[in-house]
Amino acid sequence: MPLYKTEALILRTYKLGEADRIVVFLTRDRGKKRGVANGARRSRSAFAGALEPLTRVGVGYYEREQRDLVRLSYAEPQCSPLLASRPDALSHVGYFAELMDEWAQEGDPNERLYRLGVSTLEALTEGVPTSAVARYFEYWLLRLQGVYPPHVACRRCGITLDGEPGGAFLEPGGHVFTCDGCAQGAGRDGAAGLPLSPGALSFLAAAVSVPPQRIGTVPLNARVDRELESIHRALMRVHLEKELRSTRVLRDLRR
Ligand SMILES: [Zn+2]
C-alpha cells in the first residue's frame with residue numbers, strides 16, 4: 001500500500017474510541033478525504049498542533065480501494081490559523097472550515113476551493129480585518145459553486161448596477177439581483193428583497209479581481225458588511241437548505 005503525500009487543509013475532526021480521531025481534510029489535488037489519526041488524542045501525539053480547523057498541513061496517508069477511511073501517517077503543520085491570534089479571526093476559523101466541508105465533495109479534486117482556503121488562512125494570519133476576509137470568502141465560495149447571482153447588471157432591465165445611486169436588491173428567493181426601480185415595481189408590499197448599497201456593489205466589484213491578502217484596502221463600513229453578510233446568509237440557506245452550526249455560534253458571540 002503506497003504512502004500518498006500531499007498538502008491539505010484540516011476541516012474538522014471527530015473523536016474515535018479512546019485515543020484516536022477521525023480527520024476530515026481537503027487535499028490540494030484529490031478532494032476531500034476522511035482519515036483515522038491513530039493516537040491523536042494522546043498528549044504526546046505526533047499530530048499535536050496539526051489538527052485545528054483550517055491548519056495547512058503536509059500530510060501522508062494510506063488509502064485502500066473500496067474503503068471510505070484513509071489512514072493518516074503524519075500531518076505536519078505548515079501554517080496555523082492560531083497565528084492570527086485575534087479573537088474575532090479565531091472565532092471565524094471554524095466557520096470557514098465548516099463551509100468548505102459542506103461544499104467540498106469527497107474524492108472530487110477542487111484546487112480552486114483549496115486555493116481559496118489557503119489564501120483566506122494567509123489573509124487572516126497577515127492581519128487583514130476579519131470581516132473583509134469573511135465577506136470575500138463567502139463571495140468566492142458561492143461563486144465557485146456557481147450560486148452567486150450576477151451582480152453586474154439588473155436581471156430585469158439590464159442596466160449596469162455598479163454606480164447606480166439606488167444600489168441593487170437580491171430578489172426574494174435569492175436567484176437574481178435587480179436595480180432599485182425594478183425591485184420597487186416588483187415588491188409594493190415591502191417584499192423588494194435584501195438591499196445592496198452602492199458601497200456593497202463596489203466591494204463586490206473589487207472582490208472579483210483583488211486577492212484576499214489585499215481586500216483589507218477596499219472600503220467596508222459596518223453597513224456594507226451587514227448587507228453583504230445578510231445576502232450571503234440568504235444565498236447559503238437557499239443552496240444548503242439549512243443553517244450552519246457555526247453561523248449560529250458567530251451570531252451568539254455578537255450578542
Ligand atoms: Zn432593473
# chains A, B, ... in the order shown; residues from 1 in each chain; ligands from 1
>>> residues_near_ligand(ligand="ligand 1", cutoff="12 Å", atoms="only C-alpha atoms and all ligand atoms", output="list in words")
His151, Val152, Ala153, Cys154, Arg155, Arg156, Cys157, Gly158, Ile159, Thr160, Leu161, Glu164, Gly166, Gly167, Ala168, Phe169, Leu170, Glu171, Val176, Phe177, Thr178, Cys179, Asp180, Gly181, Cys182, Ala183, Gln184, Gly185 and Ala186 of chain A
>>> closest_atom_pairs(of="segment 19-65 of chain A", to="segment 123-141 of chain A", cutoff="12 Å", atoms="only C-alpha atoms", output="Markdown table")
| residue | atom | partner | partner_atom | distance |
| --- | --- | --- | --- | --- |
| A:Leu54 | CA | A:Leu124 | CA | 10.8 |
| A:Thr55 | CA | A:Thr125 | CA | 11.1 |
| A:Arg56 | CA | A:Thr125 | CA | 11.9 |
>>> atom_distance(atom1="atom CA of Ala48 of chain A", atom2="atom CA of Asp101 of chain A")
21.6 Å
>>> closest_residue(among="A:Ile22, A:Leu253, A:Leu196, A:Leu220", to="His232 of chain A", atoms="only C-alpha atoms")
A:Leu196
>>> atom_distance(atom1="atom CA of Arg21 of chain A", atom2="atom CA of Glu241 of chain A")
28.6 Å
>>> closest_residue(among="A:His92, A:Arg42, A:Lys33, A:Lys5", to="Tyr61 of chain A", atoms="only C-alpha atoms")
A:Lys5
>>> closest_residue(among="A:Ser202, A:Ser119, A:Gln145, A:Ser85", to="Leu99 of chain A", atoms="only C-alpha atoms")
A:Gln145
>>> residues_around(residues="segment 12-15 of chain A", least_positions_apart="3", cutoff="8 Å", atoms="only C-alpha atoms", output="number ranges by chain")
A: 18-25, 41, 51-53, 97-98, 101
>>> residues_around(residues="Val70 of chain A", least_positions_apart="3", cutoff="9 Å", atoms="only C-alpha atoms", output="number ranges by chain")
A: 33-36, 61-64, 67
>>> atom_distance(atom1="atom CA of Ala104 of chain A", atom2="atom CA of Gly58 of chain A")
19.0 Å
>>> residues_around(residues="Gln105 of chain A", least_positions_apart="2", cutoff="7 Å", atoms="only C-alpha atoms", output="JSON, numbers by chain")
{"A": [31, 32, 103, 107, 108]}
>>> write_last_selection(atoms="N, CA and C atoms", output="PDB file, in the first residue's frame")
ATOM      1  N   GLY A  31      -9.236  16.244  -3.633  1.00  0.00           N
ATOM      2  CA  GLY A  31     -10.523  16.494  -2.994  1.00  0.00           C
ATOM      3  C   GLY A  31     -10.512  16.222  -1.497  1.00  0.00           C
ATOM      4  N   LYS A  32     -11.715  16.070  -0.966  1.00  0.00           N
ATOM      5  CA  LYS A  32     -11.869  15.904   0.484  1.00  0.00           C
ATOM      6  C   LYS A  32     -11.651  14.439   0.864  1.00  0.00           C
ATOM      7  N   TRP A 103     -19.284  22.153   1.277  1.00  0.00           N
ATOM      8  CA  TRP A 103     -19.323  22.252  -0.174  1.00  0.00           C
ATOM      9  C   TRP A 103     -18.330  21.348  -0.899  1.00  0.00           C
ATOM     10  N   GLY A 107     -13.323  13.060  -2.465  1.00  0.00           N
ATOM     11  CA  GLY A 107     -12.616  12.461  -3.594  1.00  0.00           C
ATOM     12  C   GLY A 107     -12.761  13.206  -4.908  1.00  0.00           C
ATOM     13  N   ASP A 108     -13.346  14.417  -4.876  1.00  0.00           N
ATOM     14  CA  ASP A 108     -13.529  15.176  -6.113  1.00  0.00           C
ATOM     15  C   ASP A 108     -12.573  16.369  -6.079  1.00  0.00           C
TER      16      ASP A 108
END
>>> select_by_dssp(residues="segment 51-144 of chain A", states="helix (DSSP H, G or I)", output="ChimeraX atom specification")
/A:81-84,87-103,111-125,130-144
>>> write_last_selection(atoms="C-alpha atoms", output="short mmCIF file (atom, residue, chain, number, x, y, z; two decimals), in the first residue's frame")
data_model
loop_
_atom_site.label_atom_id
_atom_site.label_comp_id
_atom_site.auth_asym_id
_atom_site.auth_seq_id
_atom_site.Cartn_x
_atom_site.Cartn_y
_atom_site.Cartn_z
CA PRO A 81 -4.76 29.83 11.99
CA LEU A 82 -3.64 30.27 15.61
CA LEU A 83 -1.01 32.67 14.21
CA ALA A 84 -3.86 35.11 13.59
CA PRO A 87 -10.26 36.65 18.90
CA ASP A 88 -12.57 37.60 16.00
CA ALA A 89 -10.29 35.88 13.48
CA LEU A 90 -10.11 32.72 15.59
CA SER A 91 -13.89 32.66 16.05
CA HIS A 92 -14.30 32.64 12.25
CA VAL A 93 -11.84 29.83 11.56
CA GLY A 94 -14.39 27.10 12.33
CA TYR A 95 -16.95 28.90 10.17
CA PHE A 96 -14.67 28.94 7.11
CA ALA A 97 -13.73 25.29 7.65
CA GLU A 98 -17.37 24.23 8.08
CA LEU A 99 -18.42 25.97 4.87
CA MET A 100 -15.63 24.27 2.93
CA ASP A 101 -16.61 20.93 4.46
CA GLU A 102 -20.25 21.47 3.41
CA TRP A 103 -19.32 22.25 -0.17
CA GLU A 111 -7.98 23.04 -6.47
CA ARG A 112 -9.72 26.43 -6.69
CA LEU A 113 -11.58 25.78 -3.44
CA TYR A 114 -8.31 24.62 -1.87
CA ARG A 115 -6.53 27.78 -3.01
CA LEU A 116 -9.38 29.95 -1.68
CA GLY A 117 -8.99 28.26 1.72
CA VAL A 118 -5.21 28.72 1.75
CA SER A 119 -5.36 32.40 0.75
CA THR A 120 -8.08 33.01 3.36
CA LEU A 121 -5.83 31.46 6.01
CA GLU A 122 -2.91 33.61 4.86
CA ALA A 123 -5.00 36.81 4.90
CA LEU A 124 -6.10 36.07 8.48
CA THR A 125 -2.56 35.42 9.67
CA THR A 130 -11.73 39.53 9.67
CA SER A 131 -14.99 40.97 8.33
CA ALA A 132 -13.39 41.81 4.95
CA VAL A 133 -11.89 38.31 4.77
CA ALA A 134 -15.24 36.72 5.70
CA ARG A 135 -17.30 38.61 3.10
CA TYR A 136 -14.62 37.88 0.46
CA PHE A 137 -14.50 34.19 1.34
CA GLU A 138 -18.31 33.86 1.22
CA TYR A 139 -18.46 35.67 -2.11
CA TRP A 140 -15.87 33.42 -3.74
CA LEU A 141 -17.16 30.21 -2.18
CA LEU A 142 -20.66 30.91 -3.54
CA ARG A 143 -19.22 31.99 -6.86
CA LEU A 144 -17.04 28.89 -7.26
#
>>> closest_residue(among="A:Pro77, A:Gly60, A:Gly39, A:Pro195", to="Ala234 of chain A", atoms="only C-alpha atoms")
A:Pro195
>>> decode(residues="segment 30-43 of chain A", atoms="all heavy atoms", output="PDB file, in the first residue's frame")
ATOM      1  N   ARG A  30      -6.668  15.987  -4.517  1.00  0.00           N
ATOM      2  CA  ARG A  30      -7.520  14.797  -4.572  1.00  0.00           C
ATOM      3  C   ARG A  30      -8.840  14.973  -3.839  1.00  0.00           C
ATOM      4  O   ARG A  30      -9.477  14.008  -3.429  1.00  0.00           O
ATOM      5  CB  ARG A  30      -6.775  13.596  -4.002  1.00  0.00           C
ATOM      6  CG  ARG A  30      -5.552  13.220  -4.839  1.00  0.00           C
ATOM      7  CD  ARG A  30      -4.796  12.098  -4.193  1.00  0.00           C
ATOM      8  NE  ARG A  30      -4.770  10.899  -4.990  1.00  0.00           N
ATOM      9  CZ  ARG A  30      -4.580   9.675  -4.482  1.00  0.00           C
ATOM     10  NH1 ARG A  30      -4.452   9.490  -3.194  1.00  0.00           N
ATOM     11  NH2 ARG A  30      -4.555   8.627  -5.265  1.00  0.00           N
ATOM     12  N   GLY A  31      -9.236  16.244  -3.633  1.00  0.00           N
ATOM     13  CA  GLY A  31     -10.523  16.494  -2.994  1.00  0.00           C
ATOM     14  C   GLY A  31     -10.512  16.222  -1.497  1.00  0.00           C
ATOM     15  O   GLY A  31      -9.458  16.114  -0.869  1.00  0.00           O
ATOM     16  N   LYS A  32     -11.715  16.070  -0.966  1.00  0.00           N
ATOM     17  CA  LYS A  32     -11.869  15.904   0.484  1.00  0.00           C
ATOM     18  C   LYS A  32     -11.651  14.439   0.864  1.00  0.00           C
ATOM     19  O   LYS A  32     -12.083  13.542   0.145  1.00  0.00           O
ATOM     20  CB  LYS A  32     -13.276  16.337   0.874  1.00  0.00           C
ATOM     21  CG  LYS A  32     -13.540  16.360   2.361  1.00  0.00           C
ATOM     22  CD  LYS A  32     -14.809  17.130   2.675  1.00  0.00           C
ATOM     23  CE  LYS A  32     -16.060  16.300   2.429  1.00  0.00           C
ATOM     24  NZ  LYS A  32     -17.278  16.987   2.923  1.00  0.00           N
ATOM     25  N   LYS A  33     -10.967  14.238   1.992  1.00  0.00           N
ATOM     26  CA  LYS A  33     -10.709  12.883   2.484  1.00  0.00           C
ATOM     27  C   LYS A  33     -11.092  12.814   3.952  1.00  0.00           C
ATOM     28  O   LYS A  33     -11.123  13.827   4.659  1.00  0.00           O
ATOM     29  CB  LYS A  33      -9.211  12.542   2.370  1.00  0.00           C
ATOM     30  CG  LYS A  33      -8.683  12.519   0.955  1.00  0.00           C
ATOM     31  CD  LYS A  33      -9.062  11.241   0.262  1.00  0.00           C
ATOM     32  CE  LYS A  33      -8.647  11.281  -1.214  1.00  0.00           C
ATOM     33  NZ  LYS A  33      -9.199  10.140  -1.949  1.00  0.00           N
ATOM     34  N   ARG A  34     -11.334  11.597   4.407  1.00  0.00           N
ATOM     35  CA  ARG A  34     -11.666  11.316   5.786  1.00  0.00           C
ATOM     36  C   ARG A  34     -10.691  10.249   6.241  1.00  0.00           C
ATOM     37  O   ARG A  34     -10.574   9.219   5.552  1.00  0.00           O
ATOM     38  CB  ARG A  34     -13.086  10.744   5.789  1.00  0.00           C
ATOM     39  CG  ARG A  34     -13.989  11.093   6.893  1.00  0.00           C
ATOM     40  CD  ARG A  34     -15.405  10.628   6.530  1.00  0.00           C
ATOM     41  NE  ARG A  34     -16.098  11.663   5.778  1.00  0.00           N
ATOM     42  CZ  ARG A  34     -16.716  12.686   6.363  1.00  0.00           C
ATOM     43  NH1 ARG A  34     -16.774  12.768   7.689  1.00  0.00           N
ATOM     44  NH2 ARG A  34     -17.286  13.619   5.644  1.00  0.00           N
ATOM     45  N   GLY A  35      -9.970  10.513   7.317  1.00  0.00           N
ATOM     46  CA  GLY A  35      -8.964   9.523   7.695  1.00  0.00           C
ATOM     47  C   GLY A  35      -8.846   9.349   9.198  1.00  0.00           C
ATOM     48  O   GLY A  35      -9.239  10.221   9.975  1.00  0.00           O
ATOM     49  N   VAL A  36      -8.281   8.233   9.601  1.00  0.00           N
ATOM     50  CA  VAL A  36      -8.061   7.959  11.015  1.00  0.00           C
ATOM     51  C   VAL A  36      -6.657   8.413  11.399  1.00  0.00           C
ATOM     52  O   VAL A  36      -5.694   8.088  10.713  1.00  0.00           O
ATOM     53  CB  VAL A  36      -8.213   6.451  11.307  1.00  0.00           C
ATOM     54  CG1 VAL A  36      -7.905   6.156  12.772  1.00  0.00           C
ATOM     55  CG2 VAL A  36      -9.607   5.978  10.939  1.00  0.00           C
ATOM     56  N   ALA A  37      -6.587   9.204  12.482  1.00  0.00           N
ATOM     57  CA  ALA A  37      -5.286   9.595  13.039  1.00  0.00           C
ATOM     58  C   ALA A  37      -5.119   8.828  14.341  1.00  0.00           C
ATOM     59  O   ALA A  37      -5.710   9.184  15.372  1.00  0.00           O
ATOM     60  CB  ALA A  37      -5.246  11.102  13.281  1.00  0.00           C
ATOM     61  N   ASN A  38      -4.333   7.752  14.278  1.00  0.00           N
ATOM     62  CA  ASN A  38      -4.160   6.913  15.465  1.00  0.00           C
ATOM     63  C   ASN A  38      -3.431   7.659  16.570  1.00  0.00           C
ATOM     64  O   ASN A  38      -2.412   8.292  16.328  1.00  0.00           O
ATOM     65  CB  ASN A  38      -3.369   5.653  15.106  1.00  0.00           C
ATOM     66  CG  ASN A  38      -4.238   4.656  14.354  1.00  0.00           C
ATOM     67  OD1 ASN A  38      -5.421   4.473  14.677  1.00  0.00           O
ATOM     68  ND2 ASN A  38      -3.671   4.039  13.329  1.00  0.00           N
ATOM     69  N   GLY A  39      -4.000   7.606  17.768  1.00  0.00           N
ATOM     70  CA  GLY A  39      -3.340   8.206  18.933  1.00  0.00           C
ATOM     71  C   GLY A  39      -3.412   9.715  18.977  1.00  0.00           C
ATOM     72  O   GLY A  39      -2.748  10.350  19.803  1.00  0.00           O
ATOM     73  N   ALA A  40      -4.249  10.333  18.114  1.00  0.00           N
ATOM     74  CA  ALA A  40      -4.252  11.796  18.025  1.00  0.00           C
ATOM     75  C   ALA A  40      -4.738  12.464  19.306  1.00  0.00           C
ATOM     76  O   ALA A  40      -4.497  13.645  19.517  1.00  0.00           O
ATOM     77  CB  ALA A  40      -5.114  12.243  16.842  1.00  0.00           C
ATOM     78  N   ARG A  41      -5.447  11.714  20.168  1.00  0.00           N
ATOM     79  CA  ARG A  41      -5.944  12.346  21.396  1.00  0.00           C
ATOM     80  C   ARG A  41      -4.985  12.157  22.564  1.00  0.00           C
ATOM     81  O   ARG A  41      -5.256  12.629  23.670  1.00  0.00           O
ATOM     82  CB  ARG A  41      -7.333  11.797  21.728  1.00  0.00           C
ATOM     83  CG  ARG A  41      -8.360  12.275  20.690  1.00  0.00           C
ATOM     84  CD  ARG A  41      -9.660  11.553  20.817  1.00  0.00           C
ATOM     85  NE  ARG A  41     -10.271  11.784  22.113  1.00  0.00           N
ATOM     86  CZ  ARG A  41     -11.130  10.952  22.678  1.00  0.00           C
ATOM     87  NH1 ARG A  41     -11.475   9.846  22.067  1.00  0.00           N
ATOM     88  NH2 ARG A  41     -11.640  11.238  23.854  1.00  0.00           N
ATOM     89  N   ARG A  42      -3.867  11.491  22.325  1.00  0.00           N
ATOM     90  CA  ARG A  42      -2.873  11.388  23.401  1.00  0.00           C
ATOM     91  C   ARG A  42      -2.079  12.689  23.445  1.00  0.00           C
ATOM     92  O   ARG A  42      -1.857  13.337  22.420  1.00  0.00           O
ATOM     93  CB  ARG A  42      -1.925  10.215  23.123  1.00  0.00           C
ATOM     94  CG  ARG A  42      -2.633   8.882  23.157  1.00  0.00           C
ATOM     95  CD  ARG A  42      -1.675   7.747  23.501  1.00  0.00           C
ATOM     96  NE  ARG A  42      -2.404   6.478  23.535  1.00  0.00           N
ATOM     97  CZ  ARG A  42      -2.497   5.662  22.484  1.00  0.00           C
ATOM     98  NH1 ARG A  42      -1.858   5.936  21.358  1.00  0.00           N
ATOM     99  NH2 ARG A  42      -3.192   4.545  22.575  1.00  0.00           N
ATOM    100  N   SER A  43      -1.609  13.053  24.650  1.00  0.00           N
ATOM    101  CA  SER A  43      -0.978  14.370  24.788  1.00  0.00           C
ATOM    102  C   SER A  43       0.331  14.467  23.999  1.00  0.00           C
ATOM    103  O   SER A  43       0.673  15.515  23.494  1.00  0.00           O
ATOM    104  CB  SER A  43      -0.747  14.697  26.260  1.00  0.00           C
ATOM    105  OG  SER A  43      -0.015  13.651  26.853  1.00  0.00           O
TER     106      SER A  43
END
